[in-house]
Amino acid sequence: MTIAIALSPLLAVGFGALLLMMAEAFSRRLGGLALGAAAVLFTGAAFAAATWMYGVDQLTDASALAPWLIVDRFSLFFDMLLCLGGGLAALLAGGYLSEHRIERGEFYALLLFATLGAMILAAAGDALTLFLGLETMSIGAYAMTAFRRASPRSAEGALKYFLLGSFAAAVLIYGFALIYGASGHTDLAGIGAAAQHAGPRSPLLIIGAVLVFAGMVFKVSAVPFHAWTPDAYEGAPTPATTFMAVAVKAGAFAMLLRVLITCFGDASWTSWASGWPPVVATLAVLTMTVANLIAGRQESVKRMLAYSSIAHAGYALLGVTAILRDSSEGASSVLFYLLAYTVSTAGAFGALILCGSHGREAVSYDDLSGLGKRHPAAALAFSLFLVSLAGIPPTAGFFGKWFVFKATIDAGLYWVAVIAFINSVIGAYYYLRVLVYMYMREPAAGAPVAVPMRSGYVNAALLVSAVLVLVLGLAPTRYLDLAVAAAKLGAG
Amino acid sequence: MSTAQSTEAIREEPVKLGWGQLVGLALVAVAGVVAARFFNHAFAVVVAAAVAALVPRRHGWDVRAPIAVIAALLAFFVARMWPEAAAAVQGGAPPAETGHALSWLIWLPIAGAVAVLFLPRQAHSTLRWTTLLIMLGAIVAAIPLLRVAMGRGYHFDENVPWMPQFGIHYHVAVDGISLWLVMLTVFITPIAAWVSFGPIEKRLKDWCFALLILEGGMLGAFLSLDLFLFYVFWELMLVPMYLIIGVWGGANRIKSAIKFFLYTMFGSVLMLGAIIYMAYTYQRVSGGAMSFDYFDLQRVLVPFWGPGPGEFWPHGPQLWLWAAFTLAFIIKVPMFPVHTWLPDAHTEAPTAGSIILAAVLLKMGTYGYLRFSMGLFPEACAYFAANLAGLAVLGGIIYGALCAWKQDDVKRLIAYSSVAHLGYVMLGLFAVTQASVEGSVLQMVNHGISTGMLFLLFGVIYDRRHTRHIDEFGGLAKPMPAYATMFVIATLASVGLPGTNGFIGEFMVITGTFASNKLGHFAGVQAVGAAIGVILGAVYMLMVVQKMFFGPVTKKENRKLLDLNAREIVCLAPLAMMIFVIGLFPNIFLSQIKGAAERVIDDYEARIEINPPPKFYEGPIKLLPRRPEAPKAPTATSPQDLKAAL
């Protein structure tokens, strides 16, 4: 019995995806699919929350799933996060696809399967299930990127994403093969025991770990593995971009955290002198600095948001680095950061969707000029999410940054923290630039202007995100408690 | 705004006795009765009547009545706050310090801002009156603060857990230093708002919202004693000011707004890092929970010199923490060489924005240095005091004055004069003597009033001529006599003429600096430098007055300029009166500042005494006893309690 409870979030989303596929195949009308997909995902989140309430320690039968799937608070937290992100993306798609006349039902099925993949990824306790989840998630994302069939940019982005993504998956699986050769295990706990025994000296293990790490940070889109991100994000239809920025990234961080903590989490691997923290810290610093500098130079708001999502991956990687002193504090800061980032980014992309309509999509900064005067509500929503992304109180983004920076300082990485602080100032520059265009500029005479669409779906998604941004910004304690509880990983 | 409209706005009203005048008269009469009945000070009525009679004849009662009311209120203020009188009143039971006076003060404007959002966008006059009433409400909410003798302690202490597992509390309290800055804020904001209600018509609702949020943020920052809360308010002020410059500013507003934002934010994020480090260090040495409380963090003694023999440069963590805090504050002050955002921001900001920026926001920097840098890191402050004082004199007072001298844009000139004036404030803080610290705090208020008034006055002429170039004016005293009078009053206050407020502050700072033993061998030299700055100040300010007001009227456009209108006179009157109130009765202010300044210096000296210079402290991080004046902490939250609570 309890095994059904333990699997209920996955089952809900999985069956929901199948149902939706059937509905799409046998029904002539498409109208309700977006709502259906969002409903399925929010149900998945509700099941995850219910399982959380039930208490993972009571799920005695769930250990039968181990090491394939691990149901612990960590995976349940990610189930909720992924379903929330996926649900918001589904709502946005409901408005966006019909407005831009590209609505076809398979989008929602793809979205649900990709979310399911990400959930499996977050729960995977074995390299094989991990790879399975990764591919389920990625293939859905590739297809969604290519969804605007008529657009060459969409195809270009999808092809880049697909080629590089497959390559990265191959690197990852090759790394696991080497680790298997060194340790004789494919389950993460077994690898962890072997890695602890061998310490960071066995060359085979180290090469394997490096390859696995490279494969993982590709999905996180950390610099220098970020080259696909702007093109894929820009080419994809915006709801798919939202999904990639939110759910794919969160799934990738779940994988990264679980592999690093379970497999390479003991003292010798996490020490600054001999372990992986300097590598992650370097990547974090590179990621946020490069992405922030490039983001400031963009002329397209969508591309700017793509780079901003890379930069945010850098901040989250900072929290991963902080594991070196206290794995619980570092991981919980990453979890909270992802939560804050999810609602802010989904909101920002949603506001960008809201600001455009068929044939008059908001893409560049100029499209947005004077929006604050013409459409104050849309501009206000956009501002709220940008302020949150910039990390200004009282919004979710501020506390996200706050906890990550706190974890970094507690871990003694002062210089890294200083660089991150300076980066958040650079970040503020390009977020504020949008505000400048919306509130302080007027469009040039005769220039095409973006006209906001009317869609209940998009409005609902924005409302949910806005409420969460403010709640997380004013009373973050409850949610932080969730993240702290989730950061204690199950044994597997 | 077109010229036709502005002419409309400043048209003079013919003198006639209508309902408005009768109401004004009634108001004076009611004020007089209230005065006589409750305060027993017919004095105030006499002063009010005298001031009303002094207003030139061509103004009607619509000008006289408000001015008389303001004069009466200020006269009450002087009479009630006169130290002996205050002591006599407070002889009985001390007034209750409950009722959440400070929370009302902070949250009234913020709640008002939210309320304004629900008003219709087109209802301009409702928006204006609501905003003004909320701001006047904040003044009323601030009155209880004046009824308490501040002494050395903290008052109206409120300490409520906000995020207890991180030791973040909603902790607000007021002492003699923040008292006058709070008063300055509630005093200046309505004036700035009221003066803006003529020229600003574009997006008035957003304007009112921004002003109210800004006021709440400033009050919160002055009153917070939890560093996290302080940071939240500090950032909260940033956004409305950014919008005020960026949306309602001049031609080059966007660049200036972004420059302002990025400079300030650059400093403040580093400060955030230092705040987190301090809270974490407190947790480590106290073995208990984290805390962001000012009084807890004050106890943390962080080594100043790093381990290791004979270093050239101190490299203990205290240096970096102090640097992070101080950088944030000196950007805000601003001190040379990070002052370059200020002239741009002032030049492009609308008049009300310039007034608030000069009068209050710059004080955030000096207040922050006094409260946090000096309170938390006295060793580092003492180590760098002499160098920084040199910077304040050369880079602030003298360089600022020379820059001001060479400007031909009047707003830029006033902005550089702010750099120079705040140089005195910082010099006084670096010198750490009783006179200099008291003088600095008073000078913060003085600068707010006199520079705020100068910006307001310049805004008046800008609305008529739409130029900032000094050569465009000349001989203005002829068409605008009342305006010229007000401008000269503000100028003399800014120059520091005896009898005006500027004199008191500058005099105290210079004498205090001269007597200081914290500035190495150069205290005397620096005092002399500051005195030279006074002369330079007179040079550039009087040059402006001479070029703008005297001589023949050179430009045709200036010949027909209209003098101050009722709204402008009502805005300027309280500032002009305040200049003389502080100039003639400084004791009112100093008596409240005295205790807090003593406490700051005692805390500072106590730390220096344990570990005298030049070695200061180089041991491990340790926890000092709580300072005697710190308010009693609420029930200590142990980790076990927290677990139970969660």
# chains A, B, ... in the order shown; residues from 1 in each chain; ligands from 1
>>> interface_residues(of="chain A", to="chain B", cutoff="6 Å", atoms="only C-alpha atoms", output="VMD selection string")
chain A and resid 421 425 440
>>> write_last_selection(atoms="C-alpha atoms", output="compact mmCIF listing (two decimals), in the first residue's frame")
# COMPACT_ATOMS: atom_id res chain seq x y z
CA PHE A 421 27.85 40.31 -4.78
CA VAL A 425 24.96 44.49 -9.16
CA MET A 440 10.88 55.88 -18.88
>>> residues_around(residues="Pro237 (chain A)", least_positions_apart="4", cutoff="8 Å", atoms="only C-alpha atoms", output="ChimeraX atom specification")
/A:144-145,147-148,154,241
>>> atom_distance(atom1="CA of Gly16 (chain A)", atom2="CA of Tyr108 (chain A)")
10.5 Å
>>> closest_atom_pairs(of="region 288-388 of chain B", to="region 402-415 of chain A", cutoff="12 Å", atoms="only C-alpha atoms", output="Markdown table")
| residue | atom | partner | partner_atom | distance |
| --- | --- | --- | --- | --- |
| B:Met290 | CA | A:Lys406 | CA | 11.5 |
| B:Pro317 | CA | A:Tyr414 | CA | 10.4 |
| B:Trp320 | CA | A:Tyr414 | CA | 10.3 |
| B:Leu321 | CA | A:Tyr414 | CA | 11.0 |
>>> write_last_selection(atoms="C-alpha atoms", output="compact mmCIF listing (two decimals), in the first residue's frame")
# COMPACT_ATOMS: atom_id res chain seq x y z
CA MET B 290 22.46 33.63 14.88
CA PRO B 317 38.79 40.37 9.05
CA TRP B 320 37.40 44.04 5.37
CA LEU B 321 34.15 44.15 7.30
>>> residues_around(residues="Phe399 (chain A)", least_positions_apart="4", cutoff="9 Å", atoms="only C-alpha atoms", output="MDAnalysis selection string")
chainID A and resid 336:337 340 391:395 403:404 472:473 476
>>> residues_around(residues="Glu361 (chain A)", least_positions_apart="5", cutoff="10 Å", atoms="only C-alpha atoms", output="count of residues only")
14
>>> select_by_dssp(residues="region 183-365 of chain A", states="alpha helix (DSSP H)", output="number ranges by chain")
A: 183, 188-198, 203-220, 228-235, 238-243, 249-258, 267-270, 277-295, 301-321, 327-354
>>> atom_distance(atom1="CA of Gly117 (chain A)", atom2="CA of Ile139 (chain A)")
9.3 Å
>>> residues_around(residues="region 295-298 of chain B", least_positions_apart="2", cutoff="8 Å", atoms="only C-alpha atoms", output="list in words")
Leu225, Met278, Ala279, Tyr282, Ser291, Phe292, Asp293, Val300, Leu301, Gly375, Leu376, Arg626, Arg627 and Ala630 of chain B
>>> closest_residue(among="A:Ala447, A:Val416, A:Leu389, A:Val212", to="Gly347 (chain A)", atoms="only C-alpha atoms")
A:Leu389
>>> residues_around(residues="Trp68 (chain A)", least_positions_apart="5", cutoff="8 Å", atoms="only C-alpha atoms", output="PDB file with N, CA and C atoms, in the first residue's frame")
ATOM      1  N   ALA A 124      16.104   9.464  -8.751  1.00  0.00           N
ATOM      2  CA  ALA A 124      16.931   8.333  -9.159  1.00  0.00           C
ATOM      3  C   ALA A 124      18.023   8.041  -8.147  1.00  0.00           C
ATOM      4  N   GLY A 125      18.156   6.749  -7.802  1.00  0.00           N
ATOM      5  CA  GLY A 125      19.222   6.348  -6.895  1.00  0.00           C
ATOM      6  C   GLY A 125      20.209   5.445  -7.587  1.00  0.00           C
ATOM      7  N   ASP A 126      20.092   5.348  -8.898  1.00  0.00           N
ATOM      8  CA  ASP A 126      20.963   4.449  -9.634  1.00  0.00           C
ATOM      9  C   ASP A 126      21.302   5.119 -10.954  1.00  0.00           C
ATOM     10  N   LEU A 128      21.389   4.010 -13.829  1.00  0.00           N
ATOM     11  CA  LEU A 128      20.523   3.630 -14.953  1.00  0.00           C
ATOM     12  C   LEU A 128      19.216   4.411 -14.932  1.00  0.00           C
ATOM     13  N   THR A 129      18.530   4.461 -13.764  1.00  0.00           N
ATOM     14  CA  THR A 129      17.292   5.252 -13.688  1.00  0.00           C
ATOM     15  C   THR A 129      17.604   6.716 -13.930  1.00  0.00           C
ATOM     16  N   ASP A 187      24.662   1.701  -8.539  1.00  0.00           N
ATOM     17  CA  ASP A 187      23.813   2.453  -7.630  1.00  0.00           C
ATOM     18  C   ASP A 187      24.641   3.516  -6.923  1.00  0.00           C
TER      19      ASP A 187
END
>>> residues_around(residues="Gly192 (chain A)", least_positions_apart="3", cutoff="10 Å", atoms="only C-alpha atoms", output="CSV table (one decimal) with N, CA, C and O atoms, in the first residue's frame")
chain,number,residue,atom,x,y,z
A,183,SER,N,34.5,1.0,-9.5
A,183,SER,CA,33.9,0.7,-8.2
A,183,SER,C,33.0,-0.6,-8.3
A,183,SER,O,32.7,-1.2,-7.2
A,185,HIS,N,29.9,-0.7,-9.1
A,185,HIS,CA,28.5,-0.3,-8.7
A,185,HIS,C,27.9,0.6,-9.7
A,185,HIS,O,28.6,1.4,-10.3
A,187,ASP,N,24.7,1.7,-8.5
A,187,ASP,CA,23.8,2.5,-7.6
A,187,ASP,C,24.6,3.5,-6.9
A,187,ASP,O,25.8,3.3,-6.6
A,188,LEU,N,24.0,4.7,-6.7
A,188,LEU,CA,24.8,5.8,-6.2
A,188,LEU,C,25.4,5.6,-4.9
A,188,LEU,O,26.5,6.0,-4.6
A,189,ALA,N,24.6,4.9,-4.0
A,189,ALA,CA,25.1,4.7,-2.6
A,189,ALA,C,26.3,3.8,-2.7
A,189,ALA,O,27.3,4.0,-2.0
A,195,ALA,N,33.8,5.2,-3.4
A,195,ALA,CA,34.5,6.5,-3.6
A,195,ALA,C,35.1,6.9,-2.2
A,195,ALA,O,36.3,7.4,-2.2
A,196,GLN,N,34.4,6.6,-1.2
A,196,GLN,CA,34.9,7.0,0.2
A,196,GLN,C,36.1,6.1,0.5
A,196,GLN,O,37.1,6.6,1.0
A,197,HIS,N,35.9,4.8,0.1
A,197,HIS,CA,37.0,3.9,0.4
A,197,HIS,C,38.3,4.3,-0.4
A,197,HIS,O,39.4,4.3,0.2
A,198,ALA,N,38.1,4.6,-1.6
A,198,ALA,CA,39.3,4.9,-2.5
A,198,ALA,C,39.8,6.3,-2.3
A,198,ALA,O,41.0,6.5,-2.4
A,259,VAL,N,24.0,13.3,-6.9
A,259,VAL,CA,25.2,12.6,-7.3
A,259,VAL,C,26.4,13.1,-6.4
A,259,VAL,O,27.2,12.4,-5.9
A,260,LEU,N,26.5,14.5,-6.3
A,260,LEU,CA,27.7,15.0,-5.6
A,260,LEU,C,27.6,14.6,-4.1
A,260,LEU,O,28.6,14.2,-3.5
A,261,ILE,N,26.4,14.6,-3.5
A,261,ILE,CA,26.3,14.4,-2.1
A,261,ILE,C,26.4,12.9,-1.8
A,261,ILE,O,27.1,12.4,-0.9
A,262,THR,N,25.7,12.1,-2.6
A,262,THR,CA,25.6,10.6,-2.3
A,262,THR,C,27.0,10.0,-2.8
A,262,THR,O,27.5,9.2,-2.0
A,263,CYS,N,27.4,10.3,-3.9
A,263,CYS,CA,28.6,9.6,-4.4
A,263,CYS,C,29.9,10.2,-3.9
A,263,CYS,O,30.8,9.5,-3.6
A,264,PHE,N,30.0,11.5,-4.0
A,264,PHE,CA,31.3,12.2,-3.7
A,264,PHE,C,31.1,13.1,-2.5
A,264,PHE,O,31.6,14.3,-2.5
A,265,GLY,N,30.4,12.7,-1.5
A,265,GLY,CA,30.0,13.6,-0.4
A,265,GLY,C,30.9,13.4,0.9
A,265,GLY,O,30.7,14.2,1.8
A,266,ASP,N,31.8,12.5,0.9
A,266,ASP,CA,32.6,12.4,2.2
A,266,ASP,C,33.7,13.4,2.2
A,266,ASP,O,34.0,14.1,1.3
>>> decode(residues="region 330-457 of chain A", atoms="C-alpha atoms", output="PDB file, in the first residue's frame")
ATOM      1  CA  GLY A 330      24.463  24.336   1.191  1.00  0.00           C
ATOM      2  CA  ALA A 331      21.853  22.021  -0.271  1.00  0.00           C
ATOM      3  CA  SER A 332      18.947  23.725   1.466  1.00  0.00           C
ATOM      4  CA  SER A 333      20.074  27.096   0.133  1.00  0.00           C
ATOM      5  CA  VAL A 334      20.137  25.632  -3.379  1.00  0.00           C
ATOM      6  CA  LEU A 335      16.651  24.193  -2.929  1.00  0.00           C
ATOM      7  CA  PHE A 336      15.231  27.457  -1.694  1.00  0.00           C
ATOM      8  CA  TYR A 337      17.035  29.315  -4.441  1.00  0.00           C
ATOM      9  CA  LEU A 338      15.524  27.038  -7.050  1.00  0.00           C
ATOM     10  CA  LEU A 339      12.074  27.600  -5.607  1.00  0.00           C
ATOM     11  CA  ALA A 340      12.482  31.377  -5.691  1.00  0.00           C
ATOM     12  CA  TYR A 341      14.069  31.219  -9.136  1.00  0.00           C
ATOM     13  CA  THR A 342      11.266  29.014 -10.468  1.00  0.00           C
ATOM     14  CA  VAL A 343       8.460  31.361  -9.534  1.00  0.00           C
ATOM     15  CA  SER A 344      10.355  34.495 -10.600  1.00  0.00           C
ATOM     16  CA  THR A 345      11.536  33.116 -13.925  1.00  0.00           C
ATOM     17  CA  ALA A 346       8.214  31.528 -14.805  1.00  0.00           C
ATOM     18  CA  GLY A 347       6.628  34.865 -13.970  1.00  0.00           C
ATOM     19  CA  ALA A 348       9.137  36.853 -16.031  1.00  0.00           C
ATOM     20  CA  PHE A 349       8.702  34.681 -19.113  1.00  0.00           C
ATOM     21  CA  GLY A 350       4.954  34.716 -18.510  1.00  0.00           C
ATOM     22  CA  ALA A 351       4.941  38.498 -18.378  1.00  0.00           C
ATOM     23  CA  LEU A 352       6.938  38.575 -21.603  1.00  0.00           C
ATOM     24  CA  ILE A 353       4.313  36.287 -23.162  1.00  0.00           C
ATOM     25  CA  LEU A 354       1.542  38.499 -21.845  1.00  0.00           C
ATOM     26  CA  CYS A 355       3.141  41.609 -23.349  1.00  0.00           C
ATOM     27  CA  GLY A 356       2.853  40.282 -26.923  1.00  0.00           C
ATOM     28  CA  SER A 357       0.084  39.056 -29.145  1.00  0.00           C
ATOM     29  CA  HIS A 358      -0.177  37.380 -32.542  1.00  0.00           C
ATOM     30  CA  GLY A 359       2.184  39.024 -35.006  1.00  0.00           C
ATOM     31  CA  ARG A 360       3.169  41.562 -32.412  1.00  0.00           C
ATOM     32  CA  GLU A 361       5.270  39.557 -30.060  1.00  0.00           C
ATOM     33  CA  ALA A 362       7.394  41.398 -27.554  1.00  0.00           C
ATOM     34  CA  VAL A 363      10.979  40.464 -28.306  1.00  0.00           C
ATOM     35  CA  SER A 364      13.323  43.427 -28.113  1.00  0.00           C
ATOM     36  CA  TYR A 365      13.608  46.136 -25.517  1.00  0.00           C
ATOM     37  CA  ASP A 366      12.147  48.636 -27.972  1.00  0.00           C
ATOM     38  CA  ASP A 367       8.962  46.598 -28.199  1.00  0.00           C
ATOM     39  CA  LEU A 368       8.427  47.232 -24.532  1.00  0.00           C
ATOM     40  CA  SER A 369       8.982  50.978 -24.536  1.00  0.00           C
ATOM     41  CA  GLY A 370       6.144  52.920 -23.005  1.00  0.00           C
ATOM     42  CA  LEU A 371       4.389  49.770 -21.886  1.00  0.00           C
ATOM     43  CA  GLY A 372       4.072  51.112 -18.356  1.00  0.00           C
ATOM     44  CA  LYS A 373       1.799  53.814 -19.664  1.00  0.00           C
ATOM     45  CA  ARG A 374      -0.181  51.841 -22.204  1.00  0.00           C
ATOM     46  CA  HIS A 375      -0.671  48.669 -20.198  1.00  0.00           C
ATOM     47  CA  PRO A 376       0.155  49.334 -16.552  1.00  0.00           C
ATOM     48  CA  ALA A 377      -0.969  45.942 -15.266  1.00  0.00           C
ATOM     49  CA  ALA A 378       1.256  43.938 -17.608  1.00  0.00           C
ATOM     50  CA  ALA A 379       4.194  46.249 -16.910  1.00  0.00           C
ATOM     51  CA  LEU A 380       3.675  46.044 -13.162  1.00  0.00           C
ATOM     52  CA  ALA A 381       3.675  42.252 -13.264  1.00  0.00           C
ATOM     53  CA  PHE A 382       6.824  42.227 -15.366  1.00  0.00           C
ATOM     54  CA  SER A 383       8.527  44.653 -12.981  1.00  0.00           C
ATOM     55  CA  LEU A 384       7.707  42.532  -9.956  1.00  0.00           C
ATOM     56  CA  PHE A 385       9.359  39.462 -11.460  1.00  0.00           C
ATOM     57  CA  LEU A 386      12.376  41.385 -12.676  1.00  0.00           C
ATOM     58  CA  VAL A 387      12.857  42.982  -9.277  1.00  0.00           C
ATOM     59  CA  SER A 388      12.717  39.509  -7.808  1.00  0.00           C
ATOM     60  CA  LEU A 389      15.285  38.219 -10.296  1.00  0.00           C
ATOM     61  CA  ALA A 390      17.499  41.179  -9.455  1.00  0.00           C
ATOM     62  CA  GLY A 391      17.262  40.166  -5.808  1.00  0.00           C
ATOM     63  CA  ILE A 392      15.734  43.275  -4.302  1.00  0.00           C
ATOM     64  CA  PRO A 393      13.591  42.902  -1.161  1.00  0.00           C
ATOM     65  CA  PRO A 394      10.785  42.180  -0.433  1.00  0.00           C
ATOM     66  CA  THR A 395      10.636  39.505  -3.116  1.00  0.00           C
ATOM     67  CA  ALA A 396      11.458  35.832  -3.381  1.00  0.00           C
ATOM     68  CA  GLY A 397      14.662  36.482  -5.305  1.00  0.00           C
ATOM     69  CA  PHE A 398      16.129  38.480  -2.458  1.00  0.00           C
ATOM     70  CA  PHE A 399      15.808  35.649   0.010  1.00  0.00           C
ATOM     71  CA  GLY A 400      17.015  33.151  -2.549  1.00  0.00           C
ATOM     72  CA  LYS A 401      20.203  35.140  -2.986  1.00  0.00           C
ATOM     73  CA  TRP A 402      20.372  35.843   0.723  1.00  0.00           C
ATOM     74  CA  PHE A 403      20.424  32.174   1.712  1.00  0.00           C
ATOM     75  CA  VAL A 404      22.901  31.229  -0.992  1.00  0.00           C
ATOM     76  CA  PHE A 405      25.236  34.070  -0.043  1.00  0.00           C
ATOM     77  CA  LYS A 406      24.848  33.206   3.603  1.00  0.00           C
ATOM     78  CA  ALA A 407      25.775  29.600   2.905  1.00  0.00           C
ATOM     79  CA  THR A 408      28.776  30.756   0.876  1.00  0.00           C
ATOM     80  CA  ILE A 409      30.012  33.045   3.614  1.00  0.00           C
ATOM     81  CA  ASP A 410      29.433  30.403   6.259  1.00  0.00           C
ATOM     82  CA  ALA A 411      31.516  28.021   4.177  1.00  0.00           C
ATOM     83  CA  GLY A 412      34.352  30.557   4.331  1.00  0.00           C
ATOM     84  CA  LEU A 413      34.405  31.316   0.603  1.00  0.00           C
ATOM     85  CA  TYR A 414      34.655  35.064   1.095  1.00  0.00           C
ATOM     86  CA  TRP A 415      36.214  35.980  -2.213  1.00  0.00           C
ATOM     87  CA  VAL A 416      33.694  33.938  -4.110  1.00  0.00           C
ATOM     88  CA  ALA A 417      30.949  35.694  -2.168  1.00  0.00           C
ATOM     89  CA  VAL A 418      32.391  39.104  -3.020  1.00  0.00           C
ATOM     90  CA  ILE A 419      32.434  38.219  -6.715  1.00  0.00           C
ATOM     91  CA  ALA A 420      28.845  37.039  -6.419  1.00  0.00           C
ATOM     92  CA  PHE A 421      27.854  40.314  -4.778  1.00  0.00           C
ATOM     93  CA  ILE A 422      29.434  42.315  -7.546  1.00  0.00           C
ATOM     94  CA  ASN A 423      27.685  40.089 -10.038  1.00  0.00           C
ATOM     95  CA  SER A 424      24.330  40.788  -8.533  1.00  0.00           C
ATOM     96  CA  VAL A 425      24.961  44.490  -9.158  1.00  0.00           C
ATOM     97  CA  ILE A 426      25.793  43.774 -12.791  1.00  0.00           C
ATOM     98  CA  GLY A 427      22.623  41.701 -12.925  1.00  0.00           C
ATOM     99  CA  ALA A 428      20.566  44.561 -11.575  1.00  0.00           C
ATOM    100  CA  TYR A 429      21.723  46.660 -14.516  1.00  0.00           C
ATOM    101  CA  TYR A 430      20.048  44.648 -17.227  1.00  0.00           C
ATOM    102  CA  TYR A 431      16.917  43.874 -15.270  1.00  0.00           C
ATOM    103  CA  LEU A 432      16.496  47.553 -14.579  1.00  0.00           C
ATOM    104  CA  ARG A 433      17.006  48.243 -18.239  1.00  0.00           C
ATOM    105  CA  VAL A 434      13.674  46.583 -18.931  1.00  0.00           C
ATOM    106  CA  LEU A 435      12.080  48.852 -16.342  1.00  0.00           C
ATOM    107  CA  VAL A 436      13.735  51.817 -18.002  1.00  0.00           C
ATOM    108  CA  TYR A 437      12.172  50.923 -21.325  1.00  0.00           C
ATOM    109  CA  MET A 438       8.783  50.179 -19.841  1.00  0.00           C
ATOM    110  CA  TYR A 439       8.474  53.242 -17.667  1.00  0.00           C
ATOM    111  CA  MET A 440      10.883  55.876 -18.880  1.00  0.00           C
ATOM    112  CA  ARG A 441      10.867  55.634 -22.676  1.00  0.00           C
ATOM    113  CA  GLU A 442       8.275  56.236 -25.304  1.00  0.00           C
ATOM    114  CA  PRO A 443       8.225  54.209 -28.532  1.00  0.00           C
ATOM    115  CA  ALA A 444       9.566  55.966 -31.631  1.00  0.00           C
ATOM    116  CA  ALA A 445       6.819  57.342 -33.789  1.00  0.00           C
ATOM    117  CA  GLY A 446       5.533  54.706 -36.187  1.00  0.00           C
ATOM    118  CA  ALA A 447       7.564  51.921 -34.629  1.00  0.00           C
ATOM    119  CA  PRO A 448       5.683  48.644 -34.131  1.00  0.00           C
ATOM    120  CA  VAL A 449       4.638  48.218 -30.536  1.00  0.00           C
ATOM    121  CA  ALA A 450       3.788  45.091 -28.610  1.00  0.00           C
ATOM    122  CA  VAL A 451       0.128  44.672 -27.756  1.00  0.00           C
ATOM    123  CA  PRO A 452      -0.629  42.525 -24.710  1.00  0.00           C
ATOM    124  CA  MET A 453      -2.731  39.445 -25.315  1.00  0.00           C
ATOM    125  CA  ARG A 454      -5.814  38.551 -23.353  1.00  0.00           C
ATOM    126  CA  SER A 455      -5.686  35.127 -21.871  1.00  0.00           C
ATOM    127  CA  GLY A 456      -7.095  33.727 -18.675  1.00  0.00           C
ATOM    128  CA  TYR A 457      -4.438  31.010 -18.657  1.00  0.00           C
TER     129      TYR A 457
END
